Structure formats: structure tokens, C-alpha cells
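Asks: Below is a structure I'd like to ask you about.
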Amino acid sequence: MAKRIVLDLDLCCGCRSCEAACKAAFKGEARIRHGDITGQAYLPLACKHCKEALCMAACPVDAITRDEETGLVVRSSFICIGCQSCAFACPFGVIDAPLVRHVSQKCNLCVDRKEGPRCVDACSSGALQYLTDEEIELHEIGMRMVSKDAFMRRKA
Amino acid sequence: MKTIDRSYTTTKKTVCPFCSFGCEFGLVFNDFGVSGVEYLREGNSEGRLCPRGSAAAAYLNHPKRLSMPLKDGRVVEWAKVVKDIKKALEKPKSVAVTFDRNITIEEYRALAAFCKKVGIEHTASTYCEPEALLRRFLETPSTLTDIENAEMIIVVGDPFNQTPMISKSLINWKLKSRKNRLVVIDSIRTHTAHFASDFCQVRAGTEALALLGLAGESIGTDDAAVSGLTRERIAELSSSFKAARKGLIIVCLSFAHCFDPVLLIEGLTRLQQHSGKKVMPFVEFAGFDGSHHFGSVIELAKKKRIKHLLNFGELFPFYYPQLGRTLKGVNIYATSPVRQNGYVTLPVALNLEKQGSLLTTFGKKKLEQAITPASGARTVTDIIDYFSAGSTKEAEFSAPSITVDVKTQVASLAEKARVAKKKTVTLLGEKIAYDFLGLLEAPMLKVNPADADKLGIRQSDTIAVKSKHGETDLKARLTHDTVPGVAVVPAEDPDVRGIFDYEIVNDVVCFIPTEVQLWRKE
């Protein structure tokens, strides 16, 4: 069953533990970024492995493909030519093309680790969770950015 | 022939030594050494780690890791340094021994026994941060149940940023019931303040006044006004907190964030006595007491009665260059895990590389020596053995008690907070786990957009920050989290710490909010 990273904004305390965990694991290049929304909430952003992945369509050399088994949108650093087309195409702005390596970087949900993504395990407040679609339905997910009173939103 | 298996790794469980939360995590080794950290889902932290814990492997493999003693930036033999220190120890009355952080409880006790045996009279803590004063509250261990059972929690500082591991308990407690009341006292709108039921935004550096007010101390109408909180609000909070069946005071103090940290600790103690509630402190490291406060050692050094200073730990004197200038005539021998210039530096093992115990908010925790010390690094006990082999006895110091003259200190604090600021900005320090020793991000200066407009500063501009102690360049981040006239910087970097002003209050060295000039660099 495919799982995905889910963010509960009610719980996010903006500590950037997720970003640090990613940065430490991927040699200084964080693949999850932390955005500051209107100074009220903090939004960790990682690749969503979209069903219709625009980055995949934009890639001129087919370096980005979908893994049929896991459903992940994966990028081959060997084929990537660093043109940044995927970075421009991504509607969420989560693909990075650092000048040092000249290839794009994107989240692969830590496929090398059987326990799942490191950012989820590191998350100090439990705001990031790694869930299947069925599990997501059962969860109360809060969105602090929508309203100021976190308590009200969770029970609404 | 030995073949290298790149996929083979082992994990050793250890305790994170970077703050008093004491998270448990695993260090991952492969054939080439430490390769990273693993999240073990054990202990209070349930395997979660803050940015500091995630960067632990990077700190062990720090590119500036020291392997030989340095003198004036040049490598020297251990034998030469040992000979120099032995010579200095022939006149123990002219030697002061100081400790800061990155030493275990056992190492501290061995050091205290060494000082008593050799006849060194002047020992002090050089952990010159207000959080070192919170050590007294660490003596009573806390549990996370204290948060779960509370009806009202008063938070001083920003635990979401400073000790993010507490955020899960705190957020879940707040969301559990509408009646649970979280009050945050701070001078800037922090992540924790955004989440609070009541955010008491005090004037820069005046948290002590608010705490004394909450403790029911009569500090005068004007003084209450200086803190920016009305007397009615203070009275309501004070009575609600006292009436709450169960309550808690959580404290996370930042470097150079309040004008009088000694008074702030006095305020905390009085609030604890007044309300009967527990104090749960979170510190980055637990410092150790000496027989004196460092302020009195500085006075003796000025009078040339102290000629040599041996510092065991990792911070001093590199983190406080302004103090180093005051001690210009003193020979300073300091242990440090990373390369620094200017003083005689002895390579020391990090806590992760030692066996012993650490004092955490939740009681003592054992360090299992997950890894042997880096090449050339010695533990503190190894270093003492050079001068006094076979000393196995243990001792402790207790720092002289501090007598706080509340009335005078309140008046002095109020005076500082009232100073009319025309061309300068008050610079405050803050702690952000993500700015860990420059391993993850360079410090950013938070400036209010109103100040930025006046000074012609735009987002991400490089800004020169100048105080009477020095100057440094920082990137600007415009935010309404700070009020006009106040700028905030994470104080992890020695260059940043070096610009802050300090005062010696009750013999304690206190770093305080500092008047600085800002301008945009072309």
C-alpha cells in the first residue's frame, strides 16, 4: 500500500527538525523545505509524488520516471542534465537544482530506509506522519494557517 | 584481503548531549566511521530528534576538529603544554580553574578533587549564559506527566525553537482541553508565542519585572508599566496561576535576552514559592558551579593576582571575545573540540565520546561511550592525569549564594529599559536549534519592517551590525515578530556573541541586550 507524508499544521512548531534530518542524511542538501506563511504558521514542503507529475512531463531527457511498484516519482541523477525544467514545472516549488551538483534534487521518501522517511521520524512535534490513504481518512488533520484558534479547528 | 561492504552498518544507542532533554538516538557506523544518526523510537523523545541531534554525526566529523594542542594558531606537542601548565601549578594561588559545558558529572567531580588536592582556590563557571543559573531547578527531576496534568502553564522564553522536543507534549496538552491555558512571556513573538492562549509581550529585556509581578511582589506602578504589562493583567494572571489546581513554569532562557538574568532567576524562585508550582527548566547544557562566581575571578585577574586560567569545557574564551580582551594579561589554557585561534587550545573529547553521566531535566542519564574519542582528543580525566596521576577522589564545589537586592536591581533594570533610543537598535539574542554551531545555517538578523524602512534595508540584504565591542555582517530577515527598535539574532556564532555587551551583577557575568548600529552594506 502506497504511503505518503501528511502534515498536520496544528502541530507544526516550526523547529525545522525535518529539514535538518534531511540535510544530515543527504550530505547537506535538504529535500524538504520550510516555508514561513504570513508569520503565523510554518509549512514543511516535500515532493508530493503527484498522480499527474508535471516535473515528469517537463523533463526533456526522461530522467524523472514513475516507479510502477511503489508509485514514487523518482529521478535518476545519472541521466539528469541539470536544466531545471522540473524545478520550473513543479507547482509546489519543492524541486531544487543546486549549482554545486548541477543536477536536480527531490524527495524520494527515503527509499533506502525501511522505517520510512527520516523527516517523519525526526519531527519533534509529530506534525509529519507517514500514512496510507485509508489511514489519512481516519485522522483529524488540522490546518493552523486557515484559522488562528487551533483548538476550534481540530474539533470543527 | 579485507573487503569493504558498503551496505554494512551498525547502530549504537546513545544519549544526545546537546540539551537537557536527553533524547535517545543511535549513531550509525559503517566501515569508514560514523555515517549518520538513526531514530530509535525510545525514551522521552520516542526517537524524534531536533536539528541538533540530527547534526550530531556532522559535529563528530567537524572539519575543524582539533587533534593536537595549538598555541597562537600553531601546533605544539602535548609534552610542551603539560610542562608549561605544571610550571604554572607550582604557584596554585595564581591559577584559576574554570569549567563550562561538555563535561560529564564524573569529570567535574574529578576536576574539583584535583583543584582541592593541588591547592587551587579560585574555581568558577565560565558558562556565561543565564541558563547556567537554572541548574538549581534541575536538581528536582521533572516528567512529561507534569505537563499532561497541568491546568495552566507559564512559559518564559521559546521552547519550540530552543528545545523543540517538548513541543509535542505542550501542543497535545493545549489541544486536549479548551480549559488548558498556555501563557507565554517574551519580548518577541516567537513560535511558542504564536501558539499561546495568552501572549504577554514585555518590553525588550524586562521579563524579570513580569515574573516579579506574577509572584505578587510590589514593584511600583511605573516599573510594571516599563515591562509593558498592565497591573490588572499581571494581577489576573498571578491569581489564576495560584488558583490553578496544577500548574507548571517552563523556562528556556536565551543568551543576552534579558537585562538582569540574576533578577530573572530571583523572580522565578519567588514565583515558584508564591504559587507552589514546579519549575521545569530546559538548558542547552548543564553548567557546573565553582567555588566563586566568574566575576570575582575577572576582578582578581585585573589586579594581576590570577596569572593563569585553565578552562575545561568547550566554549570559553572563544565564544566571548569581549571577555577575552578583559583577561588580556592572563595565560589562558582552554580545552576545545574544534580548532580556534588565539589561545593555547587542548583537543578534548566530546560528550558523545565519553563514558559517564549527564544531568537532564528528567534526571541523570548515562553516557555509554558510543564512540572512542577522535584522534588526538583527550577526555578531561586524561588531561588531569598529566598533572596529578592517580587522583581518584571526587569532590564538588558550591558557588557562593547570591544576595539579590530586588529594589535596587528593579530600579536599575527599569532605567535601562526606559533609555530613549534614537539612532540605535536594541539587539537581543535568541536560540534556534536549527542554527546549531553553523552546521545547518548561518545566523539571520530579524528586523522589524518599520526599522528596515528607516534604514533602507530590504529582505536578505547584508547588514553590518556594530556595537562598542565589535562589528559583524548578517543577512536581514524582515519580520513583524520583533517590535520596532528591537533586532534579534541567534547567538551561536562567536562573531555574533562577540558584539554583545556584558555586566557583572552580584559577581555573575551577565550578557545583556545591547545597543547597536545597523546599516546596509553595498
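If you're wondering about the labels, chains in the C-alpha cells are A, B, ... by order shown, residues count from 1 in each chain, ligands from 1 in order shown.
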Could you work out which residues of chain A fall inside 8 Å of chain B? Count only C-alpha atoms, and format the result as JSON, numbers by chain.

Replies: {"A": [11, 13, 14, 15, 16, 17, 18, 19, 20, 21, 23, 24, 25, 28, 39, 40, 118, 121, 122, 123, 124, 125, 126, 150, 151]}

Asks: Take the residues that were just selected and, keeping C-alpha atoms, output them as a tab-separated table (two decimals), in the first residue's frame.

Replies:
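Heads up, here's the output in part01.tsv:
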```
chain	number	residue	atom	x	y	z
A	11	LEU	CA	1.02	20.50	15.42
A	13	CYS	CA	6.08	24.10	15.82
A	14	GLY	CA	8.39	25.40	13.08
A	15	CYS	CA	11.58	23.89	14.53
A	16	ARG	CA	12.87	22.62	11.16
A	17	SER	CA	13.87	19.22	12.58
A	18	CYS	CA	12.57	17.65	9.34
A	19	GLU	CA	14.82	19.85	7.23
A	20	ALA	CA	17.85	19.13	9.45
A	21	ALA	CA	17.25	15.37	9.30
A	23	LYS	CA	20.08	17.74	5.26
A	24	ALA	CA	22.15	15.46	7.50
A	25	ALA	CA	21.15	12.35	5.53
A	28	GLY	CA	23.92	18.98	3.19
A	39	GLY	CA	4.38	34.69	10.12
A	40	GLN	CA	1.64	32.57	11.71
A	118	ARG	CA	13.69	10.40	8.15
A	121	ASP	CA	10.75	10.16	12.41
A	122	ALA	CA	12.67	13.31	13.32
A	123	CYS	CA	9.59	15.59	13.53
A	124	SER	CA	9.75	16.90	17.09
A	125	SER	CA	6.04	17.66	17.47
A	126	GLY	CA	4.60	14.73	15.48
A	150	ALA	CA	-6.04	25.61	16.66
A	151	PHE	CA	-8.40	24.05	19.21
```

Asks: Excluding Ala97 in chain A and its own-chain neighbours fewer than 5 positions away, which residues fall within 10 Å of it when counting only C-alpha atoms? Please give them as a PyMOL selection string.

Replies: chain A and resi 29+82-87+102-106

Asks: Based on the backbone DSSP call, show me all residues of range 320-488 of chain B assigned helix (DSSP H, G or I), as a PyMOL selection string.

Replies: chain B and resi 321-326+351-353+380-387+406-418+433-438+449-455

Asks: Once DSSP has gone over the backbone, tell me which residues of range 31-253 of chain B are in strand (DSSP E), as a VMD selection string.

Replies: chain B and resid 33 to 38 70 to 71 74 to 75 95 to 99 122 to 125 152 to 157 181 to 186 198 to 201 247 to 252

Asks: Could you give me, as a ChimeraX atom specification, the residues within 8 Å of Cys252 in chain B, counting only C-alpha atoms and dropping anything in the same chain fewer than 5 positions from it?

Replies: /B:131,155-159,162-163,281-283

Asks: Would you write out those residues with C-alpha atoms, as a PDB file, in the first residue's frame?

Replies:
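What follows is the written file part.pdb:
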```
ATOM      1  CA  GLU B 131      20.652  29.190  31.618  1.00  0.00           C
ATOM      2  CA  VAL B 155       6.372  29.648  29.617  1.00  0.00           C
ATOM      3  CA  VAL B 156       9.300  32.055  29.804  1.00  0.00           C
ATOM      4  CA  GLY B 157      11.179  32.038  26.500  1.00  0.00           C
ATOM      5  CA  ASP B 158      10.773  29.970  23.368  1.00  0.00           C
ATOM      6  CA  PRO B 159      10.887  26.182  23.954  1.00  0.00           C
ATOM      7  CA  GLN B 162      15.207  26.123  21.822  1.00  0.00           C
ATOM      8  CA  THR B 163      14.074  22.645  22.940  1.00  0.00           C
ATOM      9  CA  PRO B 281      13.948  24.279  33.049  1.00  0.00           C
ATOM     10  CA  PHE B 282      15.393  23.462  29.643  1.00  0.00           C
ATOM     11  CA  VAL B 283      19.020  24.338  29.112  1.00  0.00           C
TER      12      VAL B 283
END
```

Asks: When distances are computed from only C-alpha atoms, which of A:Glu52, A:Asp36, A:Glu68, A:Glu137 shows the smallest separation from Val6 in chain A?

Replies: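 Under the stated criterion, the closest residue is A:Glu137.
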
Asks: Would you mind reading off the distance between CA of Val120 in chain A and CA of Pro91 in chain A, one decimal, in Å?

Replies: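 Spanning CA of Val120 in chain A to CA of Pro91 in chain A is a straight-line distance of 22.6 Å.
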
Asks: Ala370 in chain B: which residues within 7 Å, counting only C-alpha atoms, same-chain residues fewer than 6 positions away excluded, as a list in words?

Replies: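 Surrounding residues, per the criterion: Lys12, Lys13, Thr14, Leu352 and Glu353 of chain B.
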
Asks: Rounded to one decimal, what separation in Å do you get between CA of Leu518 in chain B and CA of Thr424 in chain B?

Replies: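 Atom-to-atom, CA of Leu518 in chain B and CA of Thr424 in chain B are spaced 7.5 Å apart.
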